[in-house]
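K.L.:
I'd like to ask some things about the structure below.
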Amino acid sequence: MPDVDQGPLPVTDGAGPGPHRDLPVPSLVEGHARDWLRAGPDSRVVAPARPSATVMLLRESPAATGVEVFVLRRVGTMAFAPGMVAFPGGGVDPRDADPGVPWAGPSPRRWAELLGVEEPLARELVTAAAREVFEECGVLLAGRSAAEVVADVAGPSWQAERRALLDRTQSFGELLSRRGLVLRTDLMALRAHWVTPACEPRRYDTRFFAARMPRGQHADGDSSEAEHAAWVRPAEVLRAHEQGRELLLPPTQVMLEHLREVTDLDAWLDRPATVRPVQPWPVERDGRLWMRCPVDADGNGLPAGTAP
């Protein structure tokens, strides 16, 4: 996908939805953005954005109304978003393109329409989303039929399956086929599309999916990429971010703000969403660095031709 136009827009205070929002940049990732702003347009090199997928794994809050979401705090040594609170996810793997992945739910062609991509890439993105949420937190969006979800994947043999995915001795399709399972793509709902700013040397073209936590399964943080994992209420993470106790990148912040308003999880997951890409870019004002995010009230990119 070509980069989104980064023309000038009027400054806002970042307080809420509008033609765009200016969200603060965590100090840990300021360097690349400041270097980008100092460099002349002719000297800027834009890295390609790798297709990726992330999953907002959700459940009803047991203590109050609303939902909880499973998040990971990335280890501080990660090359991308170190120390940030994030949802499970990652880049597309070449083997996610396997056309033999056992499939149930909306077809790859239907997902291509929803994602706005060609069918092979749609297959890769949906498969990557399911693979990543299993690798990173042990949740498997699959079942023995289109009407079932596997109930428990916490035992030693399932841990071995996760390790085999991580060391690439097997593909996700091979795992499902050997276990007699089908990928339940109907359990995922597309909710957003964000592209890493052009100032970053490592960039991703990321689709955000949402899924209800399968009954009988348990999410964990058994991932080398996470130093901490937990079920949290979106408002609590946002409050910790405001107080400087947690770090969020703009797409995570915007997604959490919308999750904070969810009162009926099933209705929210069933609601069709018109998803348009958002690509932030850095701006500096009052000595502080911000990411300017052209988003509408639903957290999606602005329609083509929208006036600033």
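Quick note on naming: the chains in the structure tokens go A, B, ... in the order shown, residues restart at 1 in each chain, and ligands are numbered from 1 in order of appearance.
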Would you list the contacts of stretch 198-203 of chain A as a list in words, taking every protein, DNA or RNA residue within 9 Å and counting only C-alpha atoms, but skipping same-chain residues closer than 6 positions in sequence?

P.N.:
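The residues satisfying every condition are Asp3, His32, Ala33, Arg34, Asp35, Trp36, Leu37, Arg44, Val45, Val46, Ala47, Pro48, Ala49, Arg50, Pro51, Ala79, Phe80, Gln279, Pro280, Trp281 and Pro282 of chain A.
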
K.L.:
Do a neighbour search on A:Glu242 at 12 Å with only C-alpha atoms, toss out local chain neighbours closer than 5 positions, and write the hits as a count of residues only.

P.N.:
10

K.L.:
Write out as a ChimeraX atom specification which residues come within 8 Å of A:Val92 when counting only C-alpha atoms, dropping same-chain ones fewer than 6 positions away.

P.N.:
/A:50-53,124-125,128

K.L.:
Please list as a PyMOL selection string every residue within 9 Å of A:His258, counting only C-alpha atoms and excluding residues in the same chain fewer than 5 positions away.

P.N.:
chain A and resi 234+253+298-299

K.L.:
Hey, can you check how far atom CA of A:Asp220 sits from atom CA of A:Gly138?

P.N.:
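Between these atoms lies a distance of 6.3 Å.
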